[in-house]
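Text of run.txt, listed as compact mmCIF, C-alpha atoms and all ligand atoms:
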# COMPACT_ATOMS: atom_id res chain seq x y z
CA MET L 1257 -81.08 -53.61 -10.50
CA LYS L 1258 -78.32 -55.66 -8.88
CA CYS L 1259 -75.29 -55.58 -11.16
CA LEU L 1260 -71.96 -57.37 -11.05
CA ILE L 1261 -69.05 -55.92 -12.99
CA THR L 1262 -66.03 -58.12 -13.54
CA GLY L 1263 -62.90 -56.09 -14.26
CA GLY L 1264 -64.69 -53.17 -12.62
CA ALA L 1265 -61.47 -51.57 -11.36
CA GLY L 1266 -60.23 -51.37 -14.96
CA PHE L 1267 -60.78 -48.67 -17.52
CA ILE L 1268 -64.20 -49.36 -19.05
CA GLY L 1269 -65.45 -51.29 -16.01
CA SER L 1270 -64.83 -48.44 -13.55
CA ASN L 1271 -66.51 -45.88 -15.80
CA LEU L 1272 -69.44 -48.28 -16.08
CA ALA L 1273 -69.60 -48.84 -12.30
CA LEU L 1274 -69.71 -45.11 -11.58
CA GLU L 1275 -72.33 -44.50 -14.27
CA LEU L 1276 -74.58 -47.33 -13.05
CA GLU L 1277 -74.44 -45.93 -9.52
CA LYS L 1278 -75.60 -42.55 -10.83
CA HIS L 1279 -78.73 -44.38 -11.97
CA GLU L 1280 -79.25 -45.88 -8.49
CA HIS L 1281 -78.27 -49.44 -9.41
CA GLU L 1282 -76.65 -51.61 -6.76
CA VAL L 1283 -73.20 -52.50 -8.07
CA VAL L 1284 -70.65 -55.10 -6.99
CA VAL L 1285 -67.20 -55.00 -8.56
CA VAL L 1286 -64.79 -57.90 -8.78
CA ASP L 1287 -61.25 -57.48 -10.06
CA ASN L 1288 -57.87 -59.11 -9.49
CA LEU L 1289 -56.14 -55.72 -9.97
CA LEU L 1290 -53.89 -57.00 -12.75
CA THR L 1291 -54.29 -53.87 -14.87
CA GLY L 1292 -57.06 -52.31 -12.81
CA ASN L 1293 -56.57 -50.11 -9.79
CA LYS L 1294 -58.75 -49.18 -6.83
CA ASN L 1295 -58.00 -45.51 -7.55
CA ASN L 1296 -60.26 -45.87 -10.59
CA LEU L 1297 -63.11 -46.48 -8.16
CA GLU L 1298 -62.82 -43.24 -6.21
CA GLY L 1299 -66.37 -42.21 -5.33
CA PHE L 1300 -67.75 -45.73 -5.90
CA LYS L 1301 -70.10 -46.70 -3.06
CA GLY L 1302 -70.72 -50.36 -3.88
CA LYS L 1303 -68.86 -53.46 -2.78
CA PHE L 1304 -65.42 -54.29 -4.15
CA ILE L 1305 -64.17 -57.88 -4.08
CA GLU L 1306 -60.61 -58.69 -5.05
CA LEU L 1307 -60.63 -62.02 -6.85
CA ASP L 1308 -59.44 -63.80 -9.95
CA ILE L 1309 -62.52 -64.89 -11.86
CA SER L 1310 -60.58 -67.56 -13.74
CA GLU L 1311 -60.17 -69.46 -10.44
CA PRO L 1312 -63.07 -71.19 -8.68
CA PHE L 1313 -65.04 -68.66 -6.60
CA ASP L 1314 -68.30 -68.33 -4.77
CA ILE L 1315 -70.30 -65.11 -4.76
CA ASN L 1316 -73.68 -65.26 -3.14
CA ASN L 1317 -75.88 -62.61 -4.61
CA ASN L 1318 -78.89 -62.49 -6.84
CA PHE L 1319 -77.56 -60.48 -9.73
CA ASP L 1320 -79.93 -59.25 -12.41
CA ILE L 1321 -77.15 -58.23 -14.79
CA ILE L 1322 -73.51 -59.22 -15.12
CA PHE L 1323 -71.18 -57.00 -17.10
CA HIS L 1324 -68.11 -59.04 -17.91
CA GLN L 1325 -65.19 -56.73 -18.63
CA ALA L 1326 -62.36 -58.69 -16.98
CA ALA L 1327 -59.67 -59.98 -19.29
CA ILE L 1328 -55.96 -59.88 -19.87
CA THR L 1329 -56.27 -56.93 -22.22
CA ASP L 1330 -52.73 -56.26 -23.39
CA PRO L 1331 -52.36 -57.99 -26.78
CA ARG L 1332 -48.62 -58.07 -26.09
CA HIS L 1333 -48.92 -59.69 -22.65
CA PRO L 1334 -45.76 -61.86 -22.42
CA ASN L 1335 -47.49 -65.12 -21.49
CA ASP L 1336 -49.76 -66.35 -24.32
CA GLU L 1337 -50.92 -69.42 -22.46
CA GLU L 1338 -51.97 -67.34 -19.47
CA THR L 1339 -53.84 -64.86 -21.70
CA TYR L 1340 -55.74 -67.62 -23.43
CA ASN L 1341 -56.51 -69.79 -20.40
CA LYS L 1342 -57.51 -66.99 -18.06
CA ASN L 1343 -59.69 -65.21 -20.60
CA ILE L 1344 -61.55 -68.38 -21.57
CA GLN L 1345 -61.81 -69.90 -18.10
CA GLY L 1346 -62.91 -66.56 -16.64
CA PHE L 1347 -65.63 -66.29 -19.27
CA ASN L 1348 -66.87 -69.83 -18.66
CA ASN L 1349 -67.02 -69.20 -14.89
CA ILE L 1350 -69.01 -66.01 -15.47
CA ILE L 1351 -71.44 -67.77 -17.83
CA ASN L 1352 -72.06 -70.35 -15.06
CA LEU L 1353 -72.65 -67.59 -12.54
CA ALA L 1354 -75.05 -65.80 -14.92
CA GLN L 1355 -76.96 -69.02 -15.50
CA LYS L 1356 -77.16 -69.72 -11.74
CA ASN L 1357 -78.45 -66.20 -11.11
CA ASN L 1358 -80.66 -66.19 -14.21
CA ALA L 1359 -78.88 -62.92 -14.96
CA LYS L 1360 -78.43 -61.10 -18.25
CA LEU L 1361 -74.81 -61.26 -19.38
CA ILE L 1362 -73.18 -58.43 -21.30
CA TYR L 1363 -69.53 -59.13 -22.11
CA ALA L 1364 -66.65 -57.34 -23.79
CA SER L 1365 -65.46 -58.67 -27.11
CA THR L 1366 -63.15 -56.69 -29.39
CA ALA L 1367 -62.75 -55.20 -32.86
CA GLY L 1368 -59.25 -56.67 -32.73
CA LEU L 1369 -60.66 -59.94 -34.03
CA TYR L 1370 -61.37 -58.44 -37.46
CA GLY L 1371 -57.60 -58.28 -37.93
CA ASN L 1372 -56.68 -56.69 -41.22
CA GLY L 1373 -60.05 -57.51 -42.78
CA SER L 1374 -61.97 -55.10 -44.98
CA THR L 1375 -63.44 -51.91 -43.57
CA PRO L 1376 -65.99 -50.89 -42.44
CA MET L 1377 -65.96 -54.02 -40.31
CA LYS L 1378 -69.19 -56.00 -40.18
CA GLU L 1379 -70.07 -58.39 -37.38
CA ASP L 1380 -70.35 -61.39 -39.71
CA GLN L 1381 -67.22 -60.84 -41.78
CA GLU L 1382 -64.27 -63.18 -41.57
CA LYS L 1383 -62.10 -62.97 -38.47
CA GLU L 1384 -58.31 -62.92 -38.41
CA ILE L 1385 -56.18 -63.89 -35.44
CA LEU L 1386 -53.39 -61.36 -34.88
CA SER L 1387 -52.72 -62.24 -31.23
CA VAL L 1388 -53.62 -64.78 -28.58
CA TYR L 1389 -55.73 -62.06 -27.02
CA GLY L 1390 -57.73 -61.87 -30.28
CA LYS L 1391 -57.95 -65.64 -30.41
CA SER L 1392 -59.41 -65.75 -26.89
CA LYS L 1393 -62.07 -63.18 -27.86
CA ILE L 1394 -63.01 -65.07 -31.04
CA GLU L 1395 -63.52 -68.16 -28.94
CA MET L 1396 -65.57 -66.24 -26.39
CA ASP L 1397 -67.83 -65.05 -29.22
CA GLU L 1398 -68.21 -68.65 -30.42
CA ILE L 1399 -69.13 -69.82 -26.92
CA ALA L 1400 -71.64 -66.96 -26.64
CA ALA L 1401 -73.19 -67.74 -30.03
CA SER L 1402 -73.81 -71.32 -28.90
CA LEU L 1403 -75.88 -69.93 -26.00
CA PHE L 1404 -77.97 -67.34 -27.88
CA ASP L 1405 -81.12 -69.45 -27.55
CA LYS L 1406 -80.55 -70.28 -23.90
CA MET L 1407 -79.87 -66.94 -22.20
CA HIS L 1408 -79.60 -63.17 -22.64
CA ILE L 1409 -75.99 -62.85 -23.71
CA VAL L 1410 -74.65 -59.89 -25.66
CA GLY L 1411 -71.08 -59.50 -26.90
CA LEU L 1412 -69.87 -55.98 -27.54
CA ARG L 1413 -67.03 -55.59 -30.01
CA TYR L 1414 -65.51 -52.39 -28.73
CA PHE L 1415 -63.37 -50.44 -31.17
CA ASN L 1416 -60.66 -48.11 -29.82
CA VAL L 1417 -61.98 -46.78 -26.54
CA PHE L 1418 -60.31 -43.79 -24.87
CA GLY L 1419 -61.04 -41.66 -21.83
CA PRO L 1420 -60.69 -41.20 -18.07
CA ARG L 1421 -59.29 -44.03 -15.94
CA GLU L 1422 -57.30 -45.80 -18.64
CA MET L 1423 -53.81 -44.85 -17.44
CA TYR L 1424 -53.28 -47.99 -15.35
CA LYS L 1425 -53.28 -49.98 -18.58
CA GLY L 1426 -49.79 -48.62 -19.22
CA ARG L 1427 -48.63 -49.26 -22.78
CA ALA L 1428 -52.03 -50.77 -23.66
CA ALA L 1429 -53.76 -47.44 -22.91
CA SER L 1430 -55.09 -45.61 -25.98
CA MET L 1431 -52.85 -43.78 -28.45
CA ILE L 1432 -54.88 -40.68 -27.60
CA TYR L 1433 -53.53 -40.88 -24.06
CA HIS L 1434 -49.93 -41.60 -25.07
CA LEU L 1435 -49.73 -39.03 -27.89
CA GLY L 1436 -51.57 -36.45 -25.80
CA LYS L 1437 -49.01 -36.86 -23.02
CA GLN L 1438 -46.12 -36.45 -25.46
CA ILE L 1439 -47.58 -33.31 -27.03
CA LYS L 1440 -48.53 -31.79 -23.67
CA SER L 1441 -44.92 -32.12 -22.51
CA ASP L 1442 -43.68 -30.53 -25.78
CA ASN L 1443 -42.28 -33.74 -27.22
CA LYS L 1444 -42.90 -34.64 -30.84
CA PRO L 1445 -45.68 -37.25 -31.01
CA ARG L 1446 -44.13 -40.55 -32.11
CA ILE L 1447 -46.05 -42.72 -34.55
CA PHE L 1448 -45.32 -45.55 -36.96
CA LYS L 1449 -44.36 -44.61 -40.51
CA PHE L 1450 -46.19 -42.75 -42.05
CA GLY L 1451 -49.19 -42.11 -39.86
CA GLU L 1452 -51.83 -43.14 -42.39
CA GLN L 1453 -53.13 -46.10 -40.36
CA LYS L 1454 -56.67 -45.48 -39.17
CA ARG L 1455 -58.59 -46.02 -35.94
CA ASP L 1456 -62.24 -45.81 -34.99
CA HIS L 1457 -61.87 -44.01 -31.67
CA ILE L 1458 -64.85 -44.09 -29.35
CA TYR L 1459 -65.10 -42.04 -26.16
CA VAL L 1460 -65.61 -44.14 -23.03
CA LYS L 1461 -68.80 -42.24 -22.13
CA ASP L 1462 -70.28 -43.45 -25.41
CA ALA L 1463 -68.94 -46.99 -24.89
CA VAL L 1464 -70.52 -47.09 -21.41
CA GLU L 1465 -73.86 -45.89 -22.78
CA ALA L 1466 -73.81 -48.60 -25.45
CA THR L 1467 -72.93 -51.20 -22.80
CA ILE L 1468 -75.90 -50.24 -20.64
CA MET L 1469 -78.20 -50.23 -23.68
CA ALA L 1470 -77.25 -53.85 -24.34
CA VAL L 1471 -79.28 -54.84 -21.25
CA ASN L 1472 -82.50 -54.02 -23.10
CA ILE L 1473 -81.65 -55.55 -26.45
CA LYS L 1474 -84.42 -57.92 -27.59
CA LYS L 1475 -82.32 -60.87 -28.75
CA SER L 1476 -78.92 -62.21 -27.79
CA CYS L 1477 -76.29 -61.16 -30.32
CA ILE L 1478 -72.80 -59.80 -30.90
CA ILE L 1479 -72.54 -56.22 -31.95
CA ASN L 1480 -69.97 -53.54 -32.83
CA VAL L 1481 -69.43 -50.59 -30.52
CA GLY L 1482 -67.72 -47.94 -32.59
CA THR L 1483 -68.47 -44.58 -34.16
CA GLY L 1484 -68.18 -45.68 -37.79
CA ILE L 1485 -65.58 -42.96 -38.34
CA ALA L 1486 -61.93 -43.83 -38.99
CA THR L 1487 -59.23 -41.23 -38.37
CA THR L 1488 -55.61 -41.44 -39.49
CA PHE L 1489 -52.91 -40.96 -36.85
CA ASN L 1490 -51.75 -37.87 -38.80
CA ASP L 1491 -55.23 -36.34 -38.45
CA LEU L 1492 -55.44 -37.40 -34.82
CA ILE L 1493 -52.22 -35.52 -34.12
CA LYS L 1494 -53.69 -32.38 -35.72
CA ILE L 1495 -56.69 -32.61 -33.38
CA LEU L 1496 -54.49 -33.26 -30.33
CA ASN L 1497 -52.35 -30.22 -31.22
CA GLU L 1498 -55.48 -28.08 -31.56
CA VAL L 1499 -56.93 -29.19 -28.24
CA LEU L 1500 -53.61 -28.72 -26.43
CA GLY L 1501 -52.75 -25.43 -28.18
CA LYS L 1502 -49.51 -26.81 -29.68
CA ASN L 1503 -48.07 -27.31 -33.12
CA LEU L 1504 -45.80 -30.36 -32.96
CA GLU L 1505 -45.00 -32.34 -36.10
CA PRO L 1506 -45.10 -36.13 -35.80
CA GLU L 1507 -41.87 -38.08 -35.58
CA TYR L 1508 -42.24 -41.22 -37.71
CA PHE L 1509 -40.44 -44.43 -36.85
CA ASP L 1510 -40.37 -47.98 -38.19
CA MET L 1511 -42.98 -50.26 -36.73
CA PRO L 1512 -41.12 -52.67 -34.45
CA TYR L 1513 -43.69 -55.48 -34.79
CA ASN L 1514 -44.24 -58.13 -37.39
CA PRO L 1515 -46.73 -56.36 -39.73
CA LYS L 1516 -48.79 -59.55 -39.77
CA THR L 1517 -49.59 -59.02 -36.08
CA TYR L 1518 -50.44 -55.31 -36.40
CA GLN L 1519 -53.95 -54.10 -37.15
CA SER L 1520 -53.54 -51.24 -39.64
CA ASN L 1521 -57.10 -49.96 -39.77
CA THR L 1522 -60.24 -50.18 -37.69
CA GLN L 1523 -63.64 -48.82 -38.61
CA ALA L 1524 -66.96 -50.14 -37.40
CA ASP L 1525 -69.88 -50.84 -39.62
CA THR L 1526 -72.57 -49.41 -37.33
CA THR L 1527 -75.66 -50.70 -39.12
CA LYS L 1528 -76.48 -53.27 -36.41
CA THR L 1529 -75.24 -50.95 -33.67
CA GLU L 1530 -77.80 -48.36 -34.72
CA ASN L 1531 -80.65 -50.63 -35.81
CA ILE L 1532 -80.48 -53.41 -33.23
CA LEU L 1533 -78.77 -51.84 -30.23
CA GLY L 1534 -80.26 -48.40 -30.98
CA PHE L 1535 -76.94 -46.75 -30.21
CA LYS L 1536 -75.23 -43.95 -32.07
CA SER L 1537 -72.14 -42.23 -30.68
CA LYS L 1538 -72.75 -38.72 -29.34
CA TRP L 1539 -69.18 -37.54 -28.79
CA SER L 1540 -67.16 -36.25 -31.74
CA LEU L 1541 -63.48 -37.18 -31.53
CA LYS L 1542 -62.47 -33.60 -30.75
CA ASP L 1543 -65.13 -33.07 -28.07
CA GLY L 1544 -64.30 -36.42 -26.47
CA ILE L 1545 -60.60 -35.50 -26.35
CA LYS L 1546 -61.40 -32.08 -24.86
CA ASP L 1547 -63.60 -33.63 -22.17
CA TYR L 1548 -60.97 -36.30 -21.44
CA PHE L 1549 -58.03 -33.91 -21.24
CA SER L 1550 -59.87 -31.54 -18.92
CA TRP L 1551 -60.46 -34.59 -16.68
CA LEU L 1552 -56.72 -35.41 -16.85
CA ASP L 1553 -55.85 -31.78 -16.05
CA LYS L 1554 -57.98 -32.04 -12.90
CA ASN L 1555 -57.06 -35.58 -11.89
CA GLY L 1556 -53.46 -35.89 -13.09
CA TRP L 1557 -51.93 -37.20 -16.29
CA ASP L 1558 -49.86 -39.88 -14.56
CA ASN L 1559 -50.82 -42.68 -12.23
CA GLU L 1560 -48.47 -41.80 -9.38
N1 LIG R 1601 -60.26 -50.31 -24.15
C1 LIG R 1601 -60.46 -50.72 -25.40
O1 LIG R 1601 -60.19 -49.99 -26.38
C2 LIG R 1601 -61.04 -52.08 -25.66
C3 LIG R 1601 -61.24 -52.46 -27.00
C4 LIG R 1601 -61.77 -53.72 -27.25
C5 LIG R 1601 -62.12 -54.56 -26.23
N2 LIG R 1601 -61.91 -54.19 -24.94
C6 LIG R 1601 -62.31 -55.14 -23.88
O2 LIG R 1601 -63.02 -54.45 -22.87
C7 LIG R 1601 -62.76 -55.02 -21.59
C8 LIG R 1601 -62.26 -53.94 -20.64
O3 LIG R 1601 -61.04 -53.43 -21.16
P1 LIG R 1601 -60.31 -52.18 -20.56
O4 LIG R 1601 -59.83 -51.35 -21.68
O5 LIG R 1601 -61.18 -51.57 -19.50
O6 LIG R 1601 -59.03 -52.87 -19.93
P2 LIG R 1601 -58.50 -52.97 -18.44
O7 LIG R 1601 -57.25 -53.77 -18.53
O8 LIG R 1601 -58.42 -51.63 -17.82
O9 LIG R 1601 -59.64 -53.80 -17.71
C9 LIG R 1601 -59.62 -55.19 -17.50
C10 LIG R 1601 -59.80 -55.42 -16.01
O10 LIG R 1601 -59.92 -56.81 -15.77
C11 LIG R 1601 -59.14 -57.14 -14.63
N3 LIG R 1601 -58.83 -58.56 -14.77
C12 LIG R 1601 -58.03 -59.16 -15.69
N4 LIG R 1601 -58.04 -60.50 -15.52
C13 LIG R 1601 -58.85 -60.74 -14.45
C14 LIG R 1601 -59.25 -61.93 -13.78
N5 LIG R 1601 -58.82 -63.13 -14.17
N6 LIG R 1601 -60.07 -61.81 -12.70
C15 LIG R 1601 -60.52 -60.60 -12.29
N7 LIG R 1601 -60.19 -59.46 -12.90
C16 LIG R 1601 -59.37 -59.52 -13.97
C17 LIG R 1601 -57.94 -56.22 -14.68
O11 LIG R 1601 -57.31 -56.05 -13.46
C18 LIG R 1601 -58.61 -54.93 -15.18
O12 LIG R 1601 -59.09 -54.16 -14.10
C19 LIG R 1601 -61.75 -56.12 -21.83
O13 LIG R 1601 -62.40 -57.36 -21.86
C20 LIG R 1601 -61.14 -55.78 -23.17
O14 LIG R 1601 -60.68 -56.92 -23.84
C21 LIG R 1601 -61.39 -52.96 -24.64

Could you render the structure from this file as structure tokens?
Ligand SMILES: NC(=O)c1ccc[n+]([C@@H]2O[C@H](COP(=O)([O-])OP(=O)(O)OC[C@H]3O[C@@H](n4cnc5c(N)ncnc54)[C@H](O)[C@@H]3O)[C@@H](O)[C@H]2O)c1
Amino acid sequence: MKCLITGGAGFIGSNLALELEKHEHEVVVVDNLLTGNKNNLEGFKGKFIELDISEPFDINNNFDIIFHQAAITDPRHPNDEETYNKNIQGFNNIINLAQKNNAKLIYASTAGLYGNGSTPMKEDQEKEILSVYGKSKIEMDEIAASLFDKMHIVGLRYFNVFGPREMYKGRAASMIYHLGKQIKSDNKPRIFKFGEQKRDHIYVKDAVEATIMAVNIKKSCIINVGTGIATTFNDLIKILNEVLGKNLEPEYFDMPYNPKTYQSNTQADTTKTENILGFKSKWSLKDGIKDYFSWLDKNGWDNE
């Protein structure tokens, strides 16, 4: 299959590109290298094109599948207007390209749009805008829903993805990466008071598998990609200490953000994920962290 990955030099996109190549697919990556980096594509044999998909562009290729991962992904990106405009315009351009190519379109949505809604989070529950990033993803889902009858379009609401090749995201990289780094260098892991907020952490190898499975889904839809398991930051720190052979107590500090813009808990309802997508996560949190940290030990914990 001929695949295009937008944002393919980023975290999830690069893992996806490398996995698709393992299965002999022909892969083209486009990325404007905002938070992505070519180093993430070490070993990638396909074509890389540096471009901003929110600007007019012309790519001549008959793609069978487009995986749209590109977005301004930092919810605290300083320019709200840019986040909104680029995420929406980029999506519209990619929908046009998919329609021209008659390609299946699998795009990244987010669990962030459930805000502080009830858990476990169901696809059809009410949404809450906590950031312009979240707003742009809600609107992308609305655009997609209006096209369900016209094309194969699947939105994946990723929960908290962690794993290799996320370090170029900087502060927006997972808490597993940041806390792991602190513990590894014998610093107390720093978390917001009092560590009882919960996250549904999903290993990137699982997230990539779910993304590829979306190609064969029978009907266009929007679906959660999470494990269904929520872990408190206090428990996460216990696991990180175990994996790293340390025993560091958390240091709690006041959350610096307006609590109305902070998502306290995430947990996927995985009913549709299992029954419609046919996906169930394979990696336990501890095994995913072990696999990830051995990759970091081999490849470096920093992006220098
Ligand atoms: N990582 C997570 O936990 C998570 C959770 C929910 C949703 N998502 C979504 O998954 C997708 C991938 O996220 P990620 O974690 O890999 O982040 P990332 O920042 O590593 O990847 C995004 C990539 O898109 C590129 N990009 C941004 N704007 C672009 C543009 N206009 N044109 C071309 N390229 C552009 C960036 O350079 C980067 O390589 C995003 O759409 C994100 O919103 C991720």

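For the residues L:Asp1380, L:Glu1338, L:Glu1298, L:Glu1277, ranking by smallest atom-to-atom distance to Thr1527 of chain L using all atoms listed in the file places L:Asp1380 first.
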
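Proximity to ligand LIG 1601 (chain R) was assessed for L:Phe1415, L:Tyr1340, L:Trp1539, L:Phe1300 counting all atoms listed in the file; the smallest distance is recorded for L:Phe1415.
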
Using all atoms listed in the file, determine which residues lie at most 9 Å from Ile1350 of chain L, disregarding the query and same-chain residues fewer than 5 positions distant; provide the list as a tab-separated table (two decimals) with C-alpha atoms, in the frame of the given file.
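Result file result_27.tsv:
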chain	number	residue	atom	x	y	z
L	1262	THR	CA	-66.03	-58.12	-13.54
L	1309	ILE	CA	-62.52	-64.89	-11.86
L	1310	SER	CA	-60.58	-67.56	-13.74
L	1322	ILE	CA	-73.51	-59.22	-15.12
L	1324	HIS	CA	-68.11	-59.04	-17.91
L	1345	GLN	CA	-61.81	-69.90	-18.10
L	1355	GLN	CA	-76.96	-69.02	-15.50
L	1361	LEU	CA	-74.81	-61.26	-19.38

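Distances from L:Leu1403, L:Val1499, L:Leu1290, L:Ile1439 to ligand LIG 1601 (chain R) were compared using all atoms listed in the file, and the smallest one belongs to L:Leu1290.
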
Cut-off 7 Å, only C-alpha atoms and all ligand atoms, neighbours of ligand LIG 1601 (chain R) as an MDAnalysis selection string:
chainID L and resid 1262:1269 1286:1293 1307:1310 1325:1329 1342:1343 1346 1364:1368 1413:1418 1422 1424:1425 1430

Residues as selected, C-alpha atoms, written as a PDB file, in the frame of the given file, can you do that?
ATOM      1  CA  THR L1262     -66.030 -58.120 -13.540  1.00  0.00           C
ATOM      2  CA  GLY L1263     -62.900 -56.090 -14.260  1.00  0.00           C
ATOM      3  CA  GLY L1264     -64.690 -53.170 -12.620  1.00  0.00           C
ATOM      4  CA  ALA L1265     -61.470 -51.570 -11.360  1.00  0.00           C
ATOM      5  CA  GLY L1266     -60.230 -51.370 -14.960  1.00  0.00           C
ATOM      6  CA  PHE L1267     -60.780 -48.670 -17.520  1.00  0.00           C
ATOM      7  CA  ILE L1268     -64.200 -49.360 -19.050  1.00  0.00           C
ATOM      8  CA  GLY L1269     -65.450 -51.290 -16.010  1.00  0.00           C
ATOM      9  CA  VAL L1286     -64.790 -57.900  -8.780  1.00  0.00           C
ATOM     10  CA  ASP L1287     -61.250 -57.480 -10.060  1.00  0.00           C
ATOM     11  CA  ASN L1288     -57.870 -59.110  -9.490  1.00  0.00           C
ATOM     12  CA  LEU L1289     -56.140 -55.720  -9.970  1.00  0.00           C
ATOM     13  CA  LEU L1290     -53.890 -57.000 -12.750  1.00  0.00           C
ATOM     14  CA  THR L1291     -54.290 -53.870 -14.870  1.00  0.00           C
ATOM     15  CA  GLY L1292     -57.060 -52.310 -12.810  1.00  0.00           C
ATOM     16  CA  ASN L1293     -56.570 -50.110  -9.790  1.00  0.00           C
ATOM     17  CA  LEU L1307     -60.630 -62.020  -6.850  1.00  0.00           C
ATOM     18  CA  ASP L1308     -59.440 -63.800  -9.950  1.00  0.00           C
ATOM     19  CA  ILE L1309     -62.520 -64.890 -11.860  1.00  0.00           C
ATOM     20  CA  SER L1310     -60.580 -67.560 -13.740  1.00  0.00           C
ATOM     21  CA  GLN L1325     -65.190 -56.730 -18.630  1.00  0.00           C
ATOM     22  CA  ALA L1326     -62.360 -58.690 -16.980  1.00  0.00           C
ATOM     23  CA  ALA L1327     -59.670 -59.980 -19.290  1.00  0.00           C
ATOM     24  CA  ILE L1328     -55.960 -59.880 -19.870  1.00  0.00           C
ATOM     25  CA  THR L1329     -56.270 -56.930 -22.220  1.00  0.00           C
ATOM     26  CA  LYS L1342     -57.510 -66.990 -18.060  1.00  0.00           C
ATOM     27  CA  ASN L1343     -59.690 -65.210 -20.600  1.00  0.00           C
ATOM     28  CA  GLY L1346     -62.910 -66.560 -16.640  1.00  0.00           C
ATOM     29  CA  ALA L1364     -66.650 -57.340 -23.790  1.00  0.00           C
ATOM     30  CA  SER L1365     -65.460 -58.670 -27.110  1.00  0.00           C
ATOM     31  CA  THR L1366     -63.150 -56.690 -29.390  1.00  0.00           C
ATOM     32  CA  ALA L1367     -62.750 -55.200 -32.860  1.00  0.00           C
ATOM     33  CA  GLY L1368     -59.250 -56.670 -32.730  1.00  0.00           C
ATOM     34  CA  ARG L1413     -67.030 -55.590 -30.010  1.00  0.00           C
ATOM     35  CA  TYR L1414     -65.510 -52.390 -28.730  1.00  0.00           C
ATOM     36  CA  PHE L1415     -63.370 -50.440 -31.170  1.00  0.00           C
ATOM     37  CA  ASN L1416     -60.660 -48.110 -29.820  1.00  0.00           C
ATOM     38  CA  VAL L1417     -61.980 -46.780 -26.540  1.00  0.00           C
ATOM     39  CA  PHE L1418     -60.310 -43.790 -24.870  1.00  0.00           C
ATOM     40  CA  GLU L1422     -57.300 -45.800 -18.640  1.00  0.00           C
ATOM     41  CA  TYR L1424     -53.280 -47.990 -15.350  1.00  0.00           C
ATOM     42  CA  LYS L1425     -53.280 -49.980 -18.580  1.00  0.00           C
ATOM     43  CA  SER L1430     -55.090 -45.610 -25.980  1.00  0.00           C
TER      44      SER L1430
END

Residue list as a list in words for point (-47.3, -38.1, -40.7), cut-off 8 Å, only C-alpha atoms
Ile1447, Lys1449, Phe1450, Gly1451, Glu1452, Phe1489, Asn1490, Glu1505, Pro1506, Glu1507 and Tyr1508 of chain L

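Distances from L:Trp1551, L:Lys1258, L:Lys1391, L:His1408 to Glu1280 of chain L were compared using all atoms listed in the file, and the smallest one belongs to L:Lys1258.
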
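Going from atom CA of Glu1282 of chain L over to atom CA of Phe1323 of chain L, you cover 12.9 Å.
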
Surrounding residues of Gly1299 of chain L excluding itself and chain neighbours under 4 positions, 12 Å, only C-alpha atoms, as a count of residues only
10

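If all atoms listed in the file are the atoms counted, then among L:His1281, L:Lys1444, L:His1434, L:Arg1421 the closest residue to Lys1301 of chain L is L:His1281.
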
Please compute the atom CA of Val1285 of chain L-atom CA of Gly1411 of chain L distance, one decimal, in Å.
19.3 Å

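In this model, the gap between atom CA of Tyr1370 of chain L and atom CA of Leu1496 of chain L comes to 27.1 Å.
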
Every residue with an atom at most 12 Å from (-83.5, -50.8, -29.0) (file coordinates; all atoms listed in the file) is what I'm after, so could you write them as JSON, numbers by chain?
{"L": [1466, 1468, 1469, 1470, 1471, 1472, 1473, 1474, 1475, 1528, 1529, 1530, 1531, 1532, 1533, 1534, 1535, 1536]}

Enclosing box along x, y and z for every listed atom of segment 1340-1351 of chain L, padded 6 Å each side, centre and size in Å, one decimal, as lines of an AutoDock Vina configuration file:
center_x = -63.6
center_y = -67.6
center_z = -19.2
size_x = 27.7
size_y = 16.7
size_z = 20.5
